$ cat protein07.csv   # CSV, N, CA and C atoms
chain,number,residue,atom,x,y,z
N,43,MET,N,110.1,106.0,153.9
N,43,MET,CA,108.7,105.8,154.1
N,43,MET,C,108.5,104.3,153.9
N,44,SER,N,107.7,103.7,154.8
N,44,SER,CA,107.5,102.3,154.6
N,44,SER,C,106.0,102.1,154.2
N,45,TRP,N,105.9,100.9,153.6
N,45,TRP,CA,104.5,100.6,153.0
N,45,TRP,C,103.9,99.7,154.0
N,46,THR,N,102.6,100.0,154.4
N,46,THR,CA,101.8,99.2,155.3
N,46,THR,C,100.6,98.8,154.5
N,47,PRO,N,100.4,97.4,154.4
N,47,PRO,CA,99.2,97.0,153.6
N,47,PRO,C,97.9,97.4,154.3
N,48,ARG,N,96.9,97.6,153.6
N,48,ARG,CA,95.6,97.9,154.2
N,48,ARG,C,95.1,96.5,154.8
N,49,PRO,N,94.2,96.6,155.8
N,49,PRO,CA,93.8,95.4,156.5
N,49,PRO,C,93.2,94.3,155.6
N,50,ASP,N,92.6,94.7,154.5
N,50,ASP,CA,92.0,93.7,153.6
N,50,ASP,C,92.9,93.2,152.5
N,51,GLU,N,94.2,93.7,152.5
N,51,GLU,CA,95.2,93.3,151.5
N,51,GLU,C,95.9,92.1,152.0
N,52,PRO,N,96.3,91.1,151.1
N,52,PRO,CA,97.2,90.0,151.5
N,52,PRO,C,98.5,90.6,152.0
N,53,GLY,N,99.0,90.1,153.1
N,53,GLY,CA,100.2,90.6,153.7
N,53,GLY,C,100.0,91.5,154.9
N,54,ALA,N,98.8,91.9,155.1
N,54,ALA,CA,98.5,92.7,156.3
N,54,ALA,C,98.4,91.8,157.5
N,55,PRO,N,98.8,92.3,158.7
N,55,PRO,CA,98.8,91.5,159.9
N,55,PRO,C,97.4,90.9,160.1
N,56,GLY,N,97.3,89.6,160.2
N,56,GLY,CA,96.1,88.9,160.5
N,56,GLY,C,95.2,88.7,159.2
N,57,ALA,N,95.7,89.1,158.0
N,57,ALA,CA,95.0,88.9,156.8
N,57,ALA,C,95.0,87.5,156.3
N,58,ASP,N,94.0,87.1,155.7
N,58,ASP,CA,93.9,85.7,155.1
N,58,ASP,C,94.9,85.7,153.9
N,59,VAL,N,95.9,84.8,153.9
N,59,VAL,CA,96.9,84.8,152.9
N,59,VAL,C,96.7,83.6,151.9
N,60,SER,N,95.5,83.1,151.9
N,60,SER,CA,95.2,82.0,151.0
N,60,SER,C,95.1,82.5,149.5
N,61,GLY,N,95.2,81.5,148.6
N,61,GLY,CA,95.2,81.9,147.2
N,61,GLY,C,93.9,82.6,146.8
N,62,ASP,N,92.8,82.2,147.5
N,62,ASP,CA,91.5,82.8,147.2
N,62,ASP,C,91.5,84.3,147.6
N,63,ALA,N,92.1,84.6,148.7
N,63,ALA,CA,92.2,86.0,149.2
N,63,ALA,C,93.0,86.8,148.2
N,64,ARG,N,94.1,86.2,147.8
N,64,ARG,CA,95.0,87.0,146.8
N,64,ARG,C,94.3,87.2,145.5
N,65,ALA,N,93.5,86.2,145.0
N,65,ALA,CA,92.8,86.3,143.8
N,65,ALA,C,91.7,87.4,143.9
N,66,ALA,N,91.0,87.4,145.0
N,66,ALA,CA,90.0,88.4,145.3
N,66,ALA,C,90.5,89.8,145.3
N,67,HIS,N,91.7,89.9,146.0
N,67,HIS,CA,92.3,91.2,146.0
N,67,HIS,C,92.8,91.7,144.7
N,68,ALA,N,93.4,90.8,143.9
N,68,ALA,CA,93.8,91.1,142.6
N,68,ALA,C,92.6,91.5,141.7
N,69,GLN,N,91.5,90.9,141.8
N,69,GLN,CA,90.3,91.2,141.1
N,69,GLN,C,89.8,92.6,141.5
N,70,ARG,N,89.8,92.9,142.8
N,70,ARG,CA,89.4,94.3,143.2
N,70,ARG,C,90.3,95.4,142.6
N,71,ARG,N,91.6,95.1,142.7
N,71,ARG,CA,92.5,96.1,142.1
N,71,ARG,C,92.3,96.3,140.6
N,72,ALA,N,92.1,95.2,139.9
N,72,ALA,CA,91.9,95.3,138.5
N,72,ALA,C,90.7,96.0,138.1
N,73,GLU,N,89.6,95.8,138.9
N,73,GLU,CA,88.4,96.5,138.7
N,73,GLU,C,88.5,98.0,138.9
N,74,ARG,N,89.3,98.4,140.0
N,74,ARG,CA,89.5,99.8,140.3
N,74,ARG,C,90.4,100.4,139.1
N,75,SER,N,91.4,99.7,138.7
N,75,SER,CA,92.3,100.2,137.7
N,75,SER,C,91.5,100.3,136.4
N,76,GLY,N,90.7,99.3,136.1
N,76,GLY,CA,89.9,99.3,134.8
N,76,GLY,C,88.9,100.5,134.8
N,77,ARG,N,88.3,100.8,135.9
N,77,ARG,CA,87.4,101.9,135.9
N,77,ARG,C,88.1,103.2,135.7
N,78,GLN,N,89.3,103.4,136.2
N,78,GLN,CA,90.1,104.6,136.1
N,78,GLN,C,90.7,104.7,134.7
N,79,ALA,N,91.0,103.6,134.1
N,79,ALA,CA,91.7,103.6,132.8
N,79,ALA,C,90.7,103.7,131.6
N,80,ARG,N,89.4,103.2,131.8
N,80,ARG,CA,88.4,103.2,130.8
N,80,ARG,C,88.3,104.5,130.0
N,81,PRO,N,88.1,105.6,130.6
N,81,PRO,CA,88.0,106.9,129.9
N,81,PRO,C,89.3,107.2,129.0
N,82,LEU,N,90.4,106.8,129.5
N,82,LEU,CA,91.7,107.0,128.7
N,82,LEU,C,91.7,106.1,127.5
N,83,VAL,N,91.3,104.9,127.7
N,83,VAL,CA,91.3,103.9,126.6
N,83,VAL,C,90.3,104.4,125.6
N,84,ASP,N,89.1,104.8,126.0
N,84,ASP,CA,88.1,105.3,125.1
N,84,ASP,C,88.6,106.5,124.3
N,85,ALA,N,89.2,107.4,124.9
N,85,ALA,CA,89.7,108.6,124.3
N,85,ALA,C,90.8,108.2,123.2
N,86,ALA,N,91.7,107.3,123.6
N,86,ALA,CA,92.7,106.9,122.7
N,86,ALA,C,92.1,106.2,121.5
N,87,GLY,N,91.1,105.4,121.7
N,87,GLY,CA,90.4,104.7,120.6
N,87,GLY,C,89.7,105.6,119.6
N,88,ARG,N,89.3,106.8,120.1
N,88,ARG,CA,88.7,107.7,119.2
N,88,ARG,C,89.8,108.4,118.3
N,89,ARG,N,91.0,108.5,118.8
N,89,ARG,CA,92.1,109.2,118.0
N,89,ARG,C,92.8,108.2,117.1
N,90,ILE,N,92.7,106.9,117.3
N,90,ILE,CA,93.4,106.0,116.5
N,90,ILE,C,92.6,105.6,115.3
N,91,HIS,N,93.2,105.6,114.1
N,91,HIS,CA,92.5,105.2,112.9
N,91,HIS,C,93.3,104.1,112.2
N,92,VAL,N,92.7,103.0,112.0
N,92,VAL,CA,93.4,101.9,111.3
N,92,VAL,C,92.8,101.7,110.0
N,93,GLN,N,93.6,101.8,108.9
N,93,GLN,CA,93.0,101.6,107.6
N,93,GLN,C,93.6,100.3,107.1
N,94,VAL,N,92.8,99.4,106.7
N,94,VAL,CA,93.2,98.1,106.2
N,94,VAL,C,93.3,98.2,104.7
N,95,ALA,N,94.5,97.8,104.2
N,95,ALA,CA,94.8,97.9,102.7
N,95,ALA,C,93.9,96.9,102.0
N,96,ASP,N,93.5,97.3,100.8
N,96,ASP,CA,92.8,96.4,99.9
N,96,ASP,C,93.7,95.3,99.4
N,97,GLU,N,93.2,94.2,98.9
N,97,GLU,CA,94.0,93.1,98.5
N,97,GLU,C,94.9,93.5,97.4
N,98,ALA,N,94.5,94.3,96.4
N,98,ALA,CA,95.4,94.7,95.3
N,98,ALA,C,96.6,95.5,95.8
N,99,GLU,N,96.4,96.3,96.8
N,99,GLU,CA,97.5,97.1,97.4
N,99,GLU,C,98.5,96.2,98.1
N,100,THR,N,97.9,95.2,98.8
N,100,THR,CA,98.8,94.2,99.5
N,100,THR,C,99.6,93.4,98.5
N,101,ASP,N,99.0,93.0,97.3
N,101,ASP,CA,99.7,92.3,96.3
N,101,ASP,C,100.8,93.2,95.7
N,102,ARG,N,100.6,94.5,95.6
N,102,ARG,CA,101.6,95.4,95.0
N,102,ARG,C,102.7,95.5,96.0
N,103,VAL,N,102.5,95.6,97.3
N,103,VAL,CA,103.5,95.7,98.3
N,103,VAL,C,104.4,94.5,98.2
N,104,VAL,N,103.8,93.3,98.2
N,104,VAL,CA,104.6,92.1,98.1
N,104,VAL,C,105.4,92.0,96.8
N,105,ALA,N,104.8,92.4,95.7
N,105,ALA,CA,105.6,92.3,94.4
N,105,ALA,C,106.8,93.4,94.5
N,106,LEU,N,106.5,94.5,95.0
N,106,LEU,CA,107.6,95.6,95.1
N,106,LEU,C,108.6,95.2,96.1
N,107,GLN,N,108.3,94.6,97.2
N,107,GLN,CA,109.3,94.1,98.1
N,107,GLN,C,110.2,93.0,97.5
N,108,ARG,N,109.6,92.2,96.7
N,108,ARG,CA,110.4,91.2,95.9
N,108,ARG,C,111.3,91.9,94.9
N,109,ALA,N,110.8,92.9,94.2
N,109,ALA,CA,111.6,93.6,93.2
N,109,ALA,C,112.8,94.3,93.9
N,110,LEU,N,112.5,94.9,95.1
N,110,LEU,CA,113.5,95.6,95.9
N,110,LEU,C,114.6,94.6,96.3
N,111,SER,N,114.2,93.4,96.8
N,111,SER,CA,115.2,92.5,97.4
N,111,SER,C,116.0,91.8,96.3
N,112,THR,N,115.5,91.7,95.0
N,112,THR,CA,116.2,91.1,93.9
N,112,THR,C,116.8,92.2,93.0
N,113,ARG,N,116.6,93.5,93.3
N,113,ARG,CA,117.1,94.6,92.5
N,113,ARG,C,116.6,94.5,91.1
N,114,ARG,N,115.3,94.3,90.9
N,114,ARG,CA,114.8,94.3,89.6
N,114,ARG,C,114.0,95.6,89.2
N,115,ARG,N,114.0,95.9,87.9
N,115,ARG,CA,113.3,97.0,87.4
N,115,ARG,C,111.8,96.6,87.4
N,116,VAL,N,111.0,97.6,87.5
N,116,VAL,CA,109.5,97.4,87.5
N,116,VAL,C,108.9,98.3,86.5
N,117,ARG,N,107.9,97.8,85.7
N,117,ARG,CA,107.1,98.6,84.8
N,117,ARG,C,105.8,98.8,85.5
N,118,LEU,N,105.4,100.1,85.5
N,118,LEU,CA,104.2,100.6,86.2
N,118,LEU,C,103.2,101.2,85.1
N,119,ASP,N,102.0,100.9,85.3
N,119,ASP,CA,100.9,101.7,84.6
N,119,ASP,C,100.4,102.6,85.8
N,120,TYR,N,100.8,103.9,85.7
N,120,TYR,CA,100.6,104.8,86.9
N,120,TYR,C,99.6,105.9,86.5
N,121,LEU,N,98.7,106.2,87.4
N,121,LEU,CA,97.7,107.3,87.2
N,121,LEU,C,98.3,108.6,87.7
N,122,VAL,N,98.5,109.6,86.8
N,122,VAL,CA,99.0,110.9,87.3
N,122,VAL,C,97.8,111.7,87.6
N,123,ALA,N,97.5,111.8,88.9
N,123,ALA,CA,96.3,112.4,89.4
N,123,ALA,C,96.1,113.9,88.9
N,124,SER,N,97.1,114.7,88.8
N,124,SER,CA,97.0,116.1,88.5
N,124,SER,C,96.6,116.2,87.0
N,125,ARG,N,96.9,115.3,86.2
N,125,ARG,CA,96.5,115.3,84.7
N,125,ARG,C,95.5,114.3,84.4
N,126,ASP,N,95.1,113.5,85.3
N,126,ASP,CA,94.1,112.4,85.1
N,126,ASP,C,94.5,111.6,83.9
N,127,GLU,N,95.8,111.2,83.9
N,127,GLU,CA,96.4,110.5,82.8
N,127,GLU,C,97.1,109.3,83.2
N,128,LEU,N,96.9,108.2,82.5
N,128,LEU,CA,97.6,106.9,82.8
N,128,LEU,C,98.9,106.9,82.0
N,129,THR,N,100.0,106.7,82.7
N,129,THR,CA,101.3,106.7,82.0
N,129,THR,C,102.0,105.4,82.3
N,130,ARG,N,102.9,105.0,81.4
N,130,ARG,CA,103.7,103.8,81.6
N,130,ARG,C,105.1,104.2,82.0
N,131,ARG,N,105.6,103.6,83.1
N,131,ARG,CA,106.9,104.0,83.7
N,131,ARG,C,107.7,102.8,83.9
N,132,ASP,N,109.0,102.8,83.6
N,132,ASP,CA,110.0,101.8,84.0
N,132,ASP,C,110.8,102.5,85.1
N,133,VAL,N,110.8,101.8,86.3
N,133,VAL,CA,111.4,102.4,87.5
N,133,VAL,C,112.3,101.4,88.1
N,134,ASP,N,113.3,101.9,88.8
N,134,ASP,CA,114.2,101.1,89.6
N,134,ASP,C,113.8,101.4,91.1
N,135,PRO,N,113.2,100.5,91.8
N,135,PRO,CA,112.7,100.8,93.1
N,135,PRO,C,113.9,101.0,94.1
N,136,MET,N,113.7,102.0,95.0
N,136,MET,CA,114.7,102.3,96.0
N,136,MET,C,114.2,101.9,97.4
N,137,ARG,N,112.9,102.3,97.7
N,137,ARG,CA,112.3,101.9,99.0
N,137,ARG,C,110.8,102.1,99.0
N,138,LEU,N,110.2,101.3,99.9
N,138,LEU,CA,108.8,101.5,100.1
N,138,LEU,C,108.6,102.1,101.5
N,139,CYS,N,107.6,103.0,101.6
N,139,CYS,CA,107.4,103.6,102.9
N,139,CYS,C,105.9,103.9,103.0
N,140,ALA,N,105.4,103.7,104.2
N,140,ALA,CA,104.0,104.1,104.6
N,140,ALA,C,104.0,105.4,105.3
N,141,GLN,N,103.2,106.3,104.7
N,141,GLN,CA,103.0,107.6,105.4
N,141,GLN,C,101.7,108.2,105.1
N,142,ASP,N,101.1,108.9,106.0
N,142,ASP,CA,99.9,109.6,105.9
N,142,ASP,C,98.7,108.7,105.4
N,143,GLY,N,98.8,107.4,105.9
N,143,GLY,CA,97.7,106.5,105.5
N,143,GLY,C,97.8,105.8,104.2
N,144,HIS,N,98.9,106.0,103.5
N,144,HIS,CA,99.1,105.3,102.2
N,144,HIS,C,100.5,104.8,102.0
N,145,TRP,N,100.7,103.9,101.1
N,145,TRP,CA,102.1,103.5,100.7
N,145,TRP,C,102.6,104.3,99.6
N,146,ASP,N,103.9,104.5,99.6
N,146,ASP,CA,104.7,105.2,98.5
N,146,ASP,C,105.8,104.3,98.1
N,147,LEU,N,106.1,104.3,96.8
N,147,LEU,CA,107.3,103.7,96.3
N,147,LEU,C,108.2,104.9,95.9
N,148,GLU,N,109.4,104.9,96.4
N,148,GLU,CA,110.5,105.8,96.0
N,148,GLU,C,111.3,105.0,95.0
N,149,ALA,N,111.4,105.6,93.7
N,149,ALA,CA,112.1,104.9,92.7
N,149,ALA,C,112.7,105.9,91.7
N,150,PHE,N,113.8,105.4,91.0
N,150,PHE,CA,114.3,106.2,89.9
N,150,PHE,C,113.4,105.9,88.7
N,151,CYS,N,112.9,106.9,88.1
N,151,CYS,CA,112.0,106.8,87.0
N,151,CYS,C,112.8,107.1,85.7
N,152,HIS,N,112.8,106.1,84.8
N,152,HIS,CA,113.6,106.3,83.6
N,152,HIS,C,112.9,107.2,82.6
N,153,ARG,N,111.6,107.4,82.7
N,153,ARG,CA,110.9,108.4,81.8
N,153,ARG,C,111.3,109.8,82.3
N,154,ALA,N,111.3,110.1,83.6
N,154,ALA,CA,111.6,111.4,84.1
N,154,ALA,C,113.1,111.6,84.3
N,155,THR,N,113.9,110.5,84.2
N,155,THR,CA,115.3,110.5,84.5
N,155,THR,C,115.6,111.2,85.9
N,156,ASP,N,114.8,110.8,86.8
N,156,ASP,CA,114.9,111.4,88.2
N,156,ASP,C,114.2,110.5,89.2
N,157,VAL,N,114.5,110.7,90.4
N,157,VAL,CA,113.9,110.0,91.5
N,157,VAL,C,112.5,110.6,91.7
N,158,ARG,N,111.5,109.7,91.8
N,158,ARG,CA,110.1,110.1,92.0
N,158,ARG,C,109.4,109.2,93.1
N,159,LEU,N,108.3,109.8,93.7
N,159,LEU,CA,107.5,109.0,94.6
N,159,LEU,C,106.2,108.6,93.9
N,160,PHE,N,105.9,107.3,94.0
N,160,PHE,CA,104.7,106.8,93.4
N,160,PHE,C,103.8,106.3,94.4
N,161,ARG,N,102.5,106.8,94.5
N,161,ARG,CA,101.6,106.2,95.5
N,161,ARG,C,101.1,104.9,95.0
N,162,LEU,N,101.1,103.9,95.8
N,162,LEU,CA,100.7,102.6,95.4
N,162,LEU,C,99.2,102.5,95.0
N,163,ASP,N,98.4,103.3,95.6
N,163,ASP,CA,97.0,103.3,95.3
N,163,ASP,C,96.7,103.9,93.9
N,164,ARG,N,97.7,104.5,93.3
N,164,ARG,CA,97.6,105.0,91.9
N,164,ARG,C,98.2,104.2,90.8
N,165,ILE,N,98.8,103.0,91.3
N,165,ILE,CA,99.4,102.1,90.3
N,165,ILE,C,98.3,101.2,89.8
N,166,GLU,N,98.0,101.3,88.5
N,166,GLU,CA,96.9,100.4,87.9
N,166,GLU,C,97.4,99.0,87.7
N,167,ALA,N,98.7,98.9,87.3
N,167,ALA,CA,99.3,97.6,87.0
N,167,ALA,C,100.8,97.7,87.2
N,168,LEU,N,101.4,96.5,87.5
N,168,LEU,CA,102.8,96.5,87.6
N,168,LEU,C,103.4,95.2,87.2
N,169,GLU,N,104.6,95.2,86.7
N,169,GLU,CA,105.2,94.0,86.2
N,169,GLU,C,106.7,94.1,86.7
N,170,VAL,N,107.2,93.1,87.4
N,170,VAL,CA,108.6,93.0,87.7
N,170,VAL,C,109.3,92.4,86.5
N,171,LEU,N,110.3,93.2,86.0
N,171,LEU,CA,111.0,92.8,84.8
N,171,LEU,C,112.1,91.9,85.1
N,172,GLY,N,112.5,91.1,84.1
N,172,GLY,CA,113.6,90.1,84.1
N,172,GLY,C,114.8,90.6,84.8

$ encode --input "protein07.csv" --output "structure tokens"
Amino acid sequence: MSWTPRPDEPGAPGADVSGDARAAHAQRRAERSGRQARPLVDAAGRRIHVQVADEAETDRVVALQRALSTRRRVRLDYLVASRDELTRRDVDPMRLCAQDGHWDLEAFCHRATDVRLFRLDRIEALEVLG
């Protein structure tokens, strides 16, 4: 199957091949594509949710990344939501991950003597230890 340009497209027999004609053709194609794509873009925009972290959470991420890279223990003042209790924990960070719209720290907790997940938005204070 061979492609034959429409009479108004650059490259068609007898068509104007000047830069202006190419630009006009490109503009027409972009407008057609834009009109067709607009409903898809709008639908995607309604499904996408971007949550910007607050400054305190960003500071926590930076401090925890530093602790991870230097293999330092961290002391947390952590809110246990199920008991509405503020606890102090010494933890050895293993990894940070973002999931379900929030950041989690996976770490070995010396108080629980087990690996635990800590939500960063429940950390009231943290200190990277020597």

$ residues_around --input "protein07.csv" --residues "region 128-137 of chain N" --least-positions-apart "2" --cutoff "5 Å" --atoms "all atoms listed in the file" --output "VMD selection string"
chain N and resid 115 to 122 126 139 147 to 152

$ atom_distance --input "protein07.csv" --atom1 "CA of Val104 (chain N)" --atom2 "CA of Gly172 (chain N)"
16.8 Å

$ atom_distance --input "protein07.csv" --atom1 "CA of Ala167 (chain N)" --atom2 "CA of Arg125 (chain N)"
18.1 Å

$ closest_residue --input "protein07.csv" --among "N:Ala63, N:Val170, N:Ile165, N:Ala140" --to "Ala123 (chain N)" --atoms "only C-alpha atoms"
N:Ile165

$ atom_distance --input "protein07.csv" --atom1 "CA of Ala105 (chain N)" --atom2 "CA of Glu169 (chain N)"
8.4 Å

$ select_by_dssp --input "protein07.csv" --residues "region 132-164 of chain N" --states "strand (DSSP E)" --output "list in words"
Asp132, Val133, Asp134, Pro135, Met136, Arg137, Leu138, Cys139, Ala140, Gln141, His144, Trp145, Asp146, Leu147, Glu148, Ala149, Phe150, Cys151, Asp156, Val157, Arg158, Leu159, Phe160 and Arg161 of chain N
